[in-house]
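Raw contents of target.txt, compact mmCIF, C-alpha atoms:
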```
# COMPACT_ATOMS: atom_id res chain seq x y z
CA MET A 1276 9.60 -0.36 -25.18
CA ILE A 1277 10.25 -1.92 -21.76
CA GLU A 1278 11.87 1.29 -20.50
CA GLU A 1279 8.87 3.30 -21.73
CA VAL A 1280 6.53 0.95 -19.88
CA LYS A 1281 8.60 1.24 -16.69
CA SER A 1282 8.39 5.03 -16.94
CA GLU A 1283 4.60 4.97 -17.29
CA VAL A 1284 4.20 2.50 -14.42
CA TYR A 1285 6.42 4.66 -12.22
CA LYS A 1286 4.09 7.63 -12.74
CA LEU A 1287 1.21 5.58 -11.33
CA LEU A 1288 3.00 3.82 -8.47
CA CYS A 1289 5.77 6.16 -7.33
CA LYS A 1290 3.84 7.39 -4.28
CA ASP A 1291 2.72 3.97 -3.03
CA ASN A 1292 3.96 3.00 0.44
CA SER A 1293 1.84 -0.10 0.95
CA GLY A 1294 4.32 -2.63 -0.46
CA HIS A 1295 2.77 -2.63 -3.96
CA GLY A 1296 4.83 0.15 -5.50
CA MET A 1297 7.68 0.37 -7.99
CA ASP A 1298 10.19 -1.50 -5.81
CA HIS A 1299 7.82 -4.49 -5.72
CA VAL A 1300 7.15 -4.26 -9.47
CA ASN A 1301 10.87 -4.17 -10.29
CA ARG A 1302 11.56 -7.22 -8.12
CA VAL A 1303 8.70 -9.15 -9.72
CA TYR A 1304 9.90 -8.10 -13.18
CA LYS A 1305 13.46 -9.32 -12.58
CA LEU A 1306 12.34 -12.59 -11.03
CA SER A 1307 9.80 -13.14 -13.82
CA VAL A 1308 12.47 -12.73 -16.50
CA LYS A 1309 14.68 -15.19 -14.60
CA PHE A 1310 11.80 -17.71 -14.47
CA ALA A 1311 10.95 -17.08 -18.15
CA GLU A 1312 14.46 -18.03 -19.22
CA LYS A 1313 14.32 -21.22 -17.16
CA GLU A 1314 10.86 -22.14 -18.44
CA ARG A 1315 11.53 -21.04 -22.05
CA ALA A 1316 8.59 -18.67 -22.11
CA ASP A 1317 7.91 -15.51 -24.17
CA VAL A 1318 10.12 -12.97 -22.37
CA LEU A 1319 8.37 -9.92 -23.85
CA VAL A 1320 4.91 -11.04 -22.71
CA VAL A 1321 6.28 -12.02 -19.28
CA SER A 1322 8.02 -8.65 -18.94
CA LEU A 1323 4.89 -6.67 -19.80
CA VAL A 1324 2.66 -8.70 -17.50
CA ALA A 1325 5.14 -8.31 -14.64
CA LEU A 1326 5.51 -4.56 -15.10
CA LEU A 1327 1.77 -3.93 -15.44
CA HIS A 1328 0.34 -6.36 -12.90
CA GLU A 1329 -0.16 -3.67 -10.21
CA VAL A 1330 -1.32 -0.68 -12.28
CA ASP A 1331 -5.01 -1.61 -11.92
CA ASP A 1332 -4.84 -3.34 -8.54
CA TYR A 1333 -8.21 -2.88 -6.80
CA LYS A 1334 -6.42 -2.11 -3.52
CA LEU A 1335 -4.80 0.93 -5.15
CA PHE A 1336 -7.11 2.00 -7.98
CA GLY A 1337 -10.53 0.59 -7.13
CA GLU A 1338 -12.78 -2.16 -8.47
CA GLU A 1339 -13.71 -0.42 -11.74
CA SER A 1340 -10.08 -0.03 -12.79
CA ALA A 1341 -9.37 -3.63 -11.78
CA GLU A 1342 -12.31 -4.88 -13.84
CA ASN A 1343 -11.49 -2.88 -16.98
CA LEU A 1344 -7.67 -2.84 -16.68
CA SER A 1345 -7.88 0.81 -17.75
CA ASN A 1346 -4.30 1.78 -16.88
CA ALA A 1347 -2.74 -1.33 -18.41
CA LYS A 1348 -4.66 -0.81 -21.66
CA MET A 1349 -3.65 2.84 -21.77
CA ILE A 1350 0.05 2.06 -21.29
CA LEU A 1351 0.11 -0.81 -23.78
CA SER A 1352 -1.50 1.37 -26.45
CA LYS A 1353 0.69 4.38 -25.66
CA VAL A 1354 3.97 2.48 -26.11
CA GLY A 1355 2.75 0.74 -29.27
CA VAL A 1356 2.40 -2.90 -28.20
CA GLY A 1357 0.77 -5.04 -30.90
CA GLU A 1358 -2.87 -6.08 -30.56
CA GLU A 1359 -2.17 -9.80 -30.21
CA THR A 1360 0.48 -9.23 -27.53
CA GLN A 1361 -1.84 -6.82 -25.72
CA LYS A 1362 -4.52 -9.50 -25.61
CA LYS A 1363 -2.12 -12.06 -24.10
CA VAL A 1364 -0.85 -9.58 -21.51
CA LEU A 1365 -4.29 -8.42 -20.38
CA GLU A 1366 -5.65 -11.94 -20.14
CA SER A 1367 -2.79 -12.93 -17.83
CA ILE A 1368 -3.13 -9.83 -15.63
CA LYS A 1369 -6.82 -10.62 -15.10
CA ARG A 1370 -5.87 -13.93 -13.49
CA ILE A 1371 -3.04 -12.88 -11.18
CA GLY A 1372 -3.56 -12.28 -7.45
CA TYR A 1373 -3.97 -14.19 -4.20
CA LYS A 1374 -7.61 -13.21 -3.70
CA LYS A 1375 -8.44 -14.32 -7.24
CA CYS A 1376 -6.69 -17.59 -6.48
CA LEU A 1377 -8.96 -18.07 -3.46
CA ASN A 1378 -11.87 -17.68 -5.88
CA GLY A 1379 -10.50 -20.37 -8.20
CA ILE A 1380 -9.12 -17.95 -10.80
CA ARG A 1381 -5.60 -18.85 -11.93
CA PRO A 1382 -3.44 -18.05 -14.97
CA GLU A 1383 -3.78 -20.47 -17.88
CA THR A 1384 -0.75 -19.51 -19.99
CA LEU A 1385 2.87 -20.26 -19.11
CA GLU A 1386 3.65 -16.53 -19.10
CA GLY A 1387 0.81 -15.80 -16.68
CA LYS A 1388 1.87 -18.66 -14.41
CA ILE A 1389 5.43 -17.36 -14.34
CA VAL A 1390 4.43 -13.84 -13.25
CA SER A 1391 1.94 -15.22 -10.72
CA ASP A 1392 4.72 -17.30 -9.17
CA ALA A 1393 7.16 -14.38 -9.16
CA ASP A 1394 4.54 -12.09 -7.60
CA MET A 1395 3.81 -14.60 -4.86
CA CYS A 1396 7.52 -15.24 -4.28
CA ASP A 1397 7.89 -11.53 -3.53
CA GLY A 1398 5.45 -12.13 -0.68
CA LEU A 1399 7.93 -14.61 0.82
CA GLY A 1400 11.37 -14.31 2.39
CA VAL A 1401 12.59 -11.24 4.26
CA THR A 1402 11.03 -8.99 1.61
CA GLY A 1403 7.66 -10.63 2.20
CA ILE A 1404 7.83 -9.91 5.92
CA LEU A 1405 8.84 -6.28 5.31
CA ARG A 1406 6.08 -5.74 2.72
CA THR A 1407 3.50 -7.24 5.07
CA TYR A 1408 4.67 -4.99 7.89
CA ASP A 1409 4.54 -1.92 5.62
CA TYR A 1410 0.99 -2.67 4.49
CA GLN A 1411 -0.40 -3.51 7.90
CA LYS A 1412 1.36 -0.53 9.50
CA ALA A 1413 -0.05 1.79 6.83
CA HIS A 1414 -3.50 0.66 7.95
CA GLY A 1415 -2.84 1.00 11.68
CA ARG A 1416 -2.26 -2.68 12.47
CA PRO A 1417 0.50 -3.96 14.81
CA PHE A 1418 3.23 -6.37 13.81
CA PHE A 1419 2.26 -8.89 16.49
CA ASP A 1420 -0.67 -9.14 18.90
CA ARG A 1421 -0.31 -12.29 20.98
CA LYS A 1422 -3.97 -12.13 22.03
CA VAL A 1423 -5.38 -12.42 18.50
CA PHE A 1424 -4.86 -15.61 16.48
CA PRO A 1425 -5.41 -16.01 12.71
CA GLU A 1426 -8.52 -17.40 11.03
CA ALA A 1427 -8.83 -21.18 11.31
CA SER A 1428 -9.28 -21.35 7.53
CA VAL A 1429 -9.04 -18.80 4.74
CA ASN A 1430 -11.36 -18.47 1.75
CA PHE A 1431 -12.50 -15.82 -0.72
CA ASP A 1432 -15.24 -14.55 1.57
CA ASN A 1433 -13.29 -14.18 4.83
CA TYR A 1434 -9.88 -13.13 3.47
CA LYS A 1435 -8.78 -9.79 4.96
CA LEU A 1436 -6.30 -7.44 3.31
CA CYS A 1437 -5.88 -5.56 6.58
CA ASP A 1438 -5.39 -8.37 9.04
CA ASP A 1439 -5.40 -8.10 12.83
CA SER A 1440 -1.60 -8.07 12.73
CA ALA A 1441 1.28 -8.65 10.33
CA VAL A 1442 1.89 -12.03 11.98
CA CYS A 1443 -1.74 -13.05 11.40
CA HIS A 1444 -1.28 -12.13 7.74
CA CYS A 1445 1.72 -14.45 7.59
CA PHE A 1446 -0.62 -17.32 8.44
CA ASP A 1447 -3.55 -16.14 6.32
CA LYS A 1448 -1.42 -15.65 3.21
CA LEU A 1449 2.37 -15.86 3.26
CA LEU A 1450 2.75 -19.37 4.65
CA ARG A 1451 0.22 -20.65 2.10
CA LEU A 1452 1.98 -19.29 -0.99
CA LYS A 1453 4.54 -22.07 -1.42
CA ASN A 1454 1.80 -24.55 -2.27
CA LEU A 1455 0.35 -22.26 -4.95
CA MET A 1456 3.37 -22.22 -7.27
CA MET A 1457 2.60 -23.27 -10.85
CA THR A 1458 6.08 -23.62 -12.40
CA GLU A 1459 9.16 -25.58 -11.45
CA ALA A 1460 11.20 -22.37 -11.25
CA GLY A 1461 8.61 -20.89 -8.90
CA LYS A 1462 8.48 -23.96 -6.68
CA GLU A 1463 12.24 -23.95 -6.25
CA GLU A 1464 12.40 -20.24 -5.39
CA ALA A 1465 9.37 -20.34 -3.09
CA SER A 1466 10.68 -23.25 -1.04
CA SER A 1467 13.75 -21.41 0.27
CA ARG A 1468 11.83 -18.16 0.82
CA HIS A 1469 9.11 -20.01 2.72
CA ASP A 1470 11.72 -21.41 5.10
CA ILE A 1471 12.89 -17.86 5.88
CA ILE A 1472 9.35 -16.83 6.92
CA VAL A 1473 9.08 -19.90 9.15
CA SER A 1474 12.46 -19.19 10.76
CA ILE A 1475 11.59 -15.54 11.44
CA LEU A 1476 8.31 -16.50 13.08
CA TYR A 1477 9.93 -19.14 15.29
CA HIS A 1478 12.57 -16.63 16.40
CA LEU A 1479 9.89 -14.02 17.10
CA PHE A 1480 7.82 -16.39 19.22
CA GLU A 1481 10.95 -17.49 21.09
CA GLU A 1482 11.94 -13.90 21.88
CA GLU A 1483 8.37 -13.04 22.93
CA ASP A 1484 8.13 -16.22 25.03
CA ALA A 1485 4.93 -16.96 23.10
CA ILE A 1486 4.80 -20.72 23.63
CA GLU A 1487 1.20 -20.96 22.47
CA TRP A 1488 2.15 -19.35 19.15
CA LYS A 1489 5.05 -21.77 18.62
CA LYS A 1490 2.61 -24.63 19.10
CA TYR A 1491 0.17 -22.95 16.72
CA LEU A 1492 2.89 -22.64 14.05
CA ASP A 1493 3.94 -26.28 14.53
CA GLU A 1494 0.35 -27.43 14.00
CA PHE A 1495 -0.19 -25.11 11.05
CA LEU A 1496 2.90 -26.39 9.21
CA LYS A 1497 1.95 -29.98 9.94
CA ASN A 1498 -1.37 -29.47 8.16
CA GLN A 1499 -0.03 -27.69 5.10
```
Here is a file; write its structure as structure tokens.
Amino acid sequence: MIEEVKSEVYKLLCKDNSGHGMDHVNRVYKLSVKFAEKERADVLVVSLVALLHEVDDYKLFGEESAENLSNAKMILSKVGVGEETQKKVLESIKRIGYKKCLNGIRPETLEGKIVSDADMCDGLGVTGILRTYDYQKAHGRPFFDRKVFPEASVNFDNYKLCDDSAVCHCFDKLLRLKNLMMTEAGKEEASSRHDIIVSILYHLFEEEDAIEWKKYLDEFLKNQ
């Protein structure tokens, strides 16, 4: 069943180059299963949520698909997932995502929390930096623009998917993810990946002789 689901997801995401494609889904899936074993969660539900969490993403498929979870429902029915399991999976998918988090919407089940943590962890570390660069570059944004600083605060209304630069997006999202973990497994994983983002930014600002940005990062971390 899992292999069938992977095959269907691949059909939908194989052409994505924004950092939300099959490579991302596979990483989230593997990390979710790892977390599920640590947290003693339902591995089947976790696996399905992880594999399907991007197939109706509004950034890729539009608001209507995101609202109705059309692709996820189609895949779950096609591979023969039971009605009760489908309900659990869909309810979790509806509550996963950084923008939803900014709007106060968070997973309520252990399985949903696990996939949310794994998804956010994939926005951290070296992979997180690379995914951010891919997405911003795909939308014509630079990696770093020393003249443009991030928003002073981020909320549901002012959050931007296409930020002014990849570095700005690090401040608007990536550096905030560690504090959003909902499981012990997620907190442990996010902590080390967060430190990698911080280290990369400090090295970048050192190489660019961007003293004002180093000070900005120091102050930002102090207030987190």
Give me, please, the distance in Å between atom CA of A:Leu1306 and atom CA of A:Ala1393, quoted to one decimal.
5.8 Å
Who sits within 12 Å of stretch 1347-1355 of chain A, all atoms listed in the file, same chain under 3 positions skipped, as an MDAnalysis selection string:
chainID A and resid 1276:1287 1320 1323:1332 1336 1340:1344 1358:1369
Could you save the residues just selected, with C-alpha atoms, as a compact mmCIF listing (two decimals), in the coordinates of the input?
```txt
# COMPACT_ATOMS: atom_id res chain seq x y z
CA MET A 1276 9.60 -0.36 -25.18
CA ILE A 1277 10.25 -1.92 -21.76
CA GLU A 1278 11.87 1.29 -20.50
CA GLU A 1279 8.87 3.30 -21.73
CA VAL A 1280 6.53 0.95 -19.88
CA LYS A 1281 8.60 1.24 -16.69
CA SER A 1282 8.39 5.03 -16.94
CA GLU A 1283 4.60 4.97 -17.29
CA VAL A 1284 4.20 2.50 -14.42
CA TYR A 1285 6.42 4.66 -12.22
CA LYS A 1286 4.09 7.63 -12.74
CA LEU A 1287 1.21 5.58 -11.33
CA VAL A 1320 4.91 -11.04 -22.71
CA LEU A 1323 4.89 -6.67 -19.80
CA VAL A 1324 2.66 -8.70 -17.50
CA ALA A 1325 5.14 -8.31 -14.64
CA LEU A 1326 5.51 -4.56 -15.10
CA LEU A 1327 1.77 -3.93 -15.44
CA HIS A 1328 0.34 -6.36 -12.90
CA GLU A 1329 -0.16 -3.67 -10.21
CA VAL A 1330 -1.32 -0.68 -12.28
CA ASP A 1331 -5.01 -1.61 -11.92
CA ASP A 1332 -4.84 -3.34 -8.54
CA PHE A 1336 -7.11 2.00 -7.98
CA SER A 1340 -10.08 -0.03 -12.79
CA ALA A 1341 -9.37 -3.63 -11.78
CA GLU A 1342 -12.31 -4.88 -13.84
CA ASN A 1343 -11.49 -2.88 -16.98
CA LEU A 1344 -7.67 -2.84 -16.68
CA GLU A 1358 -2.87 -6.08 -30.56
CA GLU A 1359 -2.17 -9.80 -30.21
CA THR A 1360 0.48 -9.23 -27.53
CA GLN A 1361 -1.84 -6.82 -25.72
CA LYS A 1362 -4.52 -9.50 -25.61
CA LYS A 1363 -2.12 -12.06 -24.10
CA VAL A 1364 -0.85 -9.58 -21.51
CA LEU A 1365 -4.29 -8.42 -20.38
CA GLU A 1366 -5.65 -11.94 -20.14
CA SER A 1367 -2.79 -12.93 -17.83
CA ILE A 1368 -3.13 -9.83 -15.63
CA LYS A 1369 -6.82 -10.62 -15.10
```
Find the residues near stretch 1406-1415 of chain A: any atom within 12 Å, counting only C-alpha atoms, skip ones fewer than 3 places away on the same chain, and give them as a ChimeraX atom specification.
/A:1291-1296,1298-1299,1334-1335,1395-1403,1418-1419,1435-1449,1472
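Atom CA of A:Val1356 is positioned 17.4 Å from atom CA of A:Gly1387.
If you measure from each of A:Gln1499, A:Asn1346, A:Ser1428, A:Ser1391 to A:Leu1450 using all atoms listed in the file, the closest one turns out to be A:Gln1499.
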Around all of stretch 1334-1346 of chain A's listed atoms, make the axis-aligned box with 4 Å on each side and tell me centre and edge lengths in Å to one decimal, as AutoDock Vina command-line options.
```
--center_x -9.0 --center_y -1.4 --center_z -10.6 --size_x 17.4 --size_y 14.9 --size_z 22.2
```
Have a look at A:Tyr1373, A:Ala1316, A:Tyr1477, A:Ile1389 and name the one nearest to A:Ala1460; count all atoms listed in the file.
A:Ile1389
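We find atom CA of A:Val1429 and atom CA of A:Lys1453 to be spaced 15.3 Å apart.
Using all atoms listed in the file, the nearest neighbour of A:Asn1378 within the list A:Ser1466, A:Asn1430, A:Ser1474, A:Asn1301 is A:Asn1430.
Minimum atom-to-atom distances from A:Lys1489, A:Arg1381, A:His1478, A:Arg1416 to A:Leu1455 were compared using all atoms listed in the file, and the lowest value belongs to A:Arg1381.
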Write out as a PDB file with C-alpha atoms, keeping the file's coordinate frame each polymer residue whose atoms come within 12 Å of A:Asn1498, counting only C-alpha atoms; drop sequence neighbours fewer than 2 positions from it.
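Listed below is the output, out.pdb:
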```pdb
ATOM      1  CA  ALA A1427      -8.830 -21.180  11.310  1.00  0.00           C
ATOM      2  CA  SER A1428      -9.280 -21.350   7.530  1.00  0.00           C
ATOM      3  CA  LEU A1450       2.750 -19.370   4.650  1.00  0.00           C
ATOM      4  CA  ARG A1451       0.220 -20.650   2.100  1.00  0.00           C
ATOM      5  CA  ASN A1454       1.800 -24.550  -2.270  1.00  0.00           C
ATOM      6  CA  TYR A1491       0.170 -22.950  16.720  1.00  0.00           C
ATOM      7  CA  LEU A1492       2.890 -22.640  14.050  1.00  0.00           C
ATOM      8  CA  ASP A1493       3.940 -26.280  14.530  1.00  0.00           C
ATOM      9  CA  GLU A1494       0.350 -27.430  14.000  1.00  0.00           C
ATOM     10  CA  PHE A1495      -0.190 -25.110  11.050  1.00  0.00           C
ATOM     11  CA  LEU A1496       2.900 -26.390   9.210  1.00  0.00           C
TER      12      LEU A1496
END
```
Top pick for closest residue to A:Asp1420, considering A:Val1303, A:Ala1311, A:Leu1319, A:Trp1488 and counting all atoms listed in the file
A:Trp1488
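Taking only C-alpha atoms into account, A:Glu1459 lies nearest to A:Asp1392 out of the set A:Cys1289, A:Asp1392, A:Thr1384, A:Gly1357.
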